[in-house]
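The next block holds one structure in the form of structure tokens; read it before the comments.
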Amino acid sequence: MIAAGIDWGNDPLIDLSRIVSGVPSVLGGASFVANLGNGVLIDTGKDRTFQSDTCGHPPFSSADRVLRAPSGAPVLFNGWLDNHATMARELDLPSDVPAATIYGAAVEAWGIEAERRLIGDYAAVMIPADGVLRMARAPWSSRGLFWAASGAAMVAASTLKPIFAAGFVKRANPDRYAEMLYGLADTWGDRHFYDGIHAVPQGSVVTVDHGRASSVQWYDPHALAPVRFSHDREYVDAATGLLAEAVESALRSSRKPGILLSGGLDSPIVAAEMLRQLPTGRRLKSFTFEPLAGEHEPALSGHFHSDRPAVERFAAMHPALDPQFVDNGGIAFGNRLDDMFRASDAAYPGLVATEFHGPWQAAADAGCDWLFTADFGNQTFSCDGRWAFVEFLRTGQFGELMRLLRDTPGDDRPMLRRLATRSILPNLPAAMRAALRTLVHGSPHRPLVRREVVERLDLETRYRKRYGDREWVRSRADFIDDAWQSLSGGTEMLAAVEQMHGFRMRAVPQYRPLIEFSLSIPTDQFVRGGTSRWLARRMAQGRMPEQQRLNTRYGRHGVDWHQRNTPRIAEMRMELERLADDPLMSAIIDVDRAVDLLDEWPDRPTYRGKLEVFMPTAAAIVAGRFARYVEGRN
């Protein structure tokens, strides 16, 4: 965790010395605190070890000086540089200097161009001049940076607590609760739940000079040059090489790695590359969610419920893998929800899901210092090219389109209807698409937000603009937008999980060169001859059993939701009663409709029951409990 504060004029309500009280005790307190004239810098011992481990030299101690750029400007850095050694060499610095030192030197040498040349996942703060604070966040980054300013002082931090500890008011905007329930938090840009709190957007630099803020969005995910090779094999070799680079960078800082492992394609490919790179004698622990024994929702066509059989076959092929299966016994909706609020000061609909709570705890119990995932695999090497349905029609690739429609997993509708739904309908105007889908499928189920709030905030229009109307991505540009937006918010949740469990997390495919390569290659590298995820299937040859490599079904999580949460109906009803008594939240959430849904709780698990009853009701409860947390009410 990093935090910095500047006082320009003795604001009586802001006390920068209190920033240190915002450092969670689980992080060991603030092992690095520096008072610099009218400013304060804070870095936790864990993060400073984190950045030094990247270079392999010993952890810092509280007696160390402030890390500085060549000019002497203080620098704080949270994250890592994947091209650490290359940048050190280009800047004539020793290879073992901290990432913060490289960052500061790069900014002073190259200005904004430094952000383009530095490859990594980071948030950084510099104080280049008296009263000036420069904040930056890398593109495709999971590391957040927040700030608040009054007329006389400001605080920037990678989490929210230091900002509130300094005296900035913790006041949530009620409209944000409704937007959060509609999944629109990643459209907020530099806004946050709280009035006066700003988030630094990824791929941007924000500078605050004596209270005046300016921002430069230097990265454009749509401005990537196309990548074209002469032979199909070259794409596989390039993607394999970039994945190897990502894994090498990830393992460099880990002493006891673990990985969340599924029975699909993405995480086994990553795990196989990790096992290939680990020294002889070192082992890799994997953690896989396993549904409880009992009745599950019926398996949808094109899906499977349990990852265990495929993981066991994969483990038999890789003797250095130690698989662990976790059924989350005793864990249901609401598990550690208040802990997440306290650690993150945020809430999102994803908190309804608890499937990873058990694997996270198992990784912590196993002593993993890093827990790796293959998140963002579907946006990179394991992309299914889902925009191809529309692209192939528009470009006249009718043979490829027919093969793709014929072989789409789980779609057993007549071919003409598949063509109409996946290829023709997305080309129609949005209003016509929505009307036709409503005519066929009925009105869509939406979050439990009161109708007058939906209309006042225009939530339906904004939702359709962000997600479409129950349709697949209409173009590659839309796919890139979705990928970019998915990393635009929610960084508080990752920081909270790390804080609560004591390990670091990294999505290995979230490596900028791999992302940019994957977003720039031809569609037919992802879809060919009716086979989707064609690039990943070629990369997987020899890395996993053929049955798994060729499997076209998708895994479904949470299929045991009914048996986990049915015993909690009475507790959920009590939560809704508390919502009804809350004048703020009852004006936002349609509590009567939520109670009616709970009364319709199905006797047996079904997919529609989860989608239309459990999830909206649970999301409303999350919003209500978070509002009470923000306001300091039990």
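Residues are named by chain letter and number: chains run A, B, ... in the order of the structure tokens, numbers start at 1 in each chain, and ligands are numbered from 1 in the order shown.
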Report as an MDAnalysis selection string all protein, DNA and RNA residues lying within 12 Å of Ala105 of chain A, evaluated on only C-alpha atoms, omitting residues in the same chain fewer than 3 positions from it. chainID A and resid 67:75 87:93 97:102 108:111 114:115 118 126 128
Segment 310-315 of chain A surroundings by only C-alpha atoms, 10 Å radius, close-in-sequence under 2 positions cut, as a list in words: Leu261, Ser262, Gly263, Gly264, Pro268, Ala271, Ala272, Ser286, Phe287, Thr288, Ser306, Asp307, Arg308, Met317, His318, Pro319, Ala320, Leu321, Asp322, Pro323, Gln324, Phe325, Arg543, Met544, Pro545, Gln547 and Gln548 of chain A
What does the file look like for those residues with C-alpha atoms, as a PDB file, in the first residue's frame?
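So selection.pdb came out as:
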```pdb
ATOM      1  CA  LEU A 261      -6.836 -24.139 -11.587  1.00  0.00           C
ATOM      2  CA  SER A 262      -9.899 -25.120 -13.604  1.00  0.00           C
ATOM      3  CA  GLY A 263     -10.661 -27.947 -15.996  1.00  0.00           C
ATOM      4  CA  GLY A 264     -10.799 -25.654 -19.017  1.00  0.00           C
ATOM      5  CA  PRO A 268      -4.053 -25.294 -17.355  1.00  0.00           C
ATOM      6  CA  ALA A 271       0.001 -23.861 -15.056  1.00  0.00           C
ATOM      7  CA  ALA A 272       1.803 -26.044 -17.609  1.00  0.00           C
ATOM      8  CA  SER A 286      -3.147 -25.604  -7.350  1.00  0.00           C
ATOM      9  CA  PHE A 287      -6.553 -24.867  -5.857  1.00  0.00           C
ATOM     10  CA  THR A 288      -9.833 -25.843  -7.499  1.00  0.00           C
ATOM     11  CA  SER A 306     -17.196 -30.026 -11.877  1.00  0.00           C
ATOM     12  CA  ASP A 307     -13.605 -29.205 -12.830  1.00  0.00           C
ATOM     13  CA  ARG A 308     -12.229 -32.048 -10.740  1.00  0.00           C
ATOM     14  CA  MET A 317       0.302 -35.587 -16.690  1.00  0.00           C
ATOM     15  CA  HIS A 318       2.295 -33.123 -14.511  1.00  0.00           C
ATOM     16  CA  PRO A 319       3.811 -34.868 -11.464  1.00  0.00           C
ATOM     17  CA  ALA A 320       5.172 -31.597  -9.980  1.00  0.00           C
ATOM     18  CA  LEU A 321       1.631 -30.284  -9.491  1.00  0.00           C
ATOM     19  CA  ASP A 322       0.002 -30.616  -6.071  1.00  0.00           C
ATOM     20  CA  PRO A 323      -3.760 -30.238  -6.663  1.00  0.00           C
ATOM     21  CA  GLN A 324      -6.143 -29.384  -3.860  1.00  0.00           C
ATOM     22  CA  PHE A 325      -9.929 -29.443  -4.211  1.00  0.00           C
ATOM     23  CA  ARG A 543       0.409 -29.450 -22.335  1.00  0.00           C
ATOM     24  CA  MET A 544      -2.798 -31.243 -21.343  1.00  0.00           C
ATOM     25  CA  PRO A 545      -4.744 -34.405 -22.202  1.00  0.00           C
ATOM     26  CA  GLN A 547      -9.807 -34.825 -24.166  1.00  0.00           C
ATOM     27  CA  GLN A 548      -9.394 -31.574 -22.274  1.00  0.00           C
TER      28      GLN A 548
END
```
Find, counting only C-alpha atoms, the residue in A:Pro349, A:Gly203, A:Gly377, A:Gly167 that gets nearest to Leu16 of chain A.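 The shortest atom-to-atom distance to Leu16 of chain A comes from A:Gly167.
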Please provide as an NGL selection string all residues within 10 Å of Ala477 of chain A, with the sequence filter that same-chain residues fewer than 2 positions apart are discarded (counting only C-alpha atoms). :A and (221-222 or 387 or 473-475 or 479-483 or 519)
Generate the output file for the selected residues, C-alpha atoms, as a PDB file, in the first residue's frame.
```pdb
ATOM      1  CA  PRO A 221      -6.602   0.494 -26.478  1.00  0.00           C
ATOM      2  CA  HIS A 222      -8.003   0.999 -29.990  1.00  0.00           C
ATOM      3  CA  TRP A 387     -17.491 -11.038 -32.724  1.00  0.00           C
ATOM      4  CA  VAL A 473     -20.334  -8.615 -28.737  1.00  0.00           C
ATOM      5  CA  ARG A 474     -21.206  -6.926 -32.038  1.00  0.00           C
ATOM      6  CA  SER A 475     -17.683  -6.020 -33.174  1.00  0.00           C
ATOM      7  CA  PHE A 479     -14.864  -6.534 -27.442  1.00  0.00           C
ATOM      8  CA  ILE A 480     -11.854  -4.282 -26.795  1.00  0.00           C
ATOM      9  CA  ASP A 481     -14.098  -1.782 -25.012  1.00  0.00           C
ATOM     10  CA  ASP A 482     -15.428  -4.542 -22.759  1.00  0.00           C
ATOM     11  CA  ALA A 483     -11.942  -5.805 -21.985  1.00  0.00           C
ATOM     12  CA  LEU A 519      -6.140  -7.719 -29.650  1.00  0.00           C
TER      13      LEU A 519
END
```
All helix (DSSP H, G or I) positions in segment 113-220 of chain A, as a list of chain:residue names: A:Glu113, A:Ala114, A:Glu115, A:Arg116, A:Arg117, A:Lys161, A:Pro162, A:Ile163, A:Phe164, A:Ala165, A:Pro174, A:Asp175, A:Arg176, A:Tyr177, A:Ala178, A:Glu179, A:Met180, A:Leu181, A:Ala185, A:Asp186, A:Thr187
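Between atom CA of Glu245 of chain A and atom CA of Gly104 of chain A the interatomic distance comes to 24.3 Å.
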Do a neighbour search on Ile589 of chain A at 9 Å with only C-alpha atoms, toss out local chain neighbours closer than 4 positions, and write the hits as JSON, numbers by chain. {"A": [177, 178, 447, 448, 449, 450, 453, 579, 580, 585, 593, 594, 620, 623, 624]}
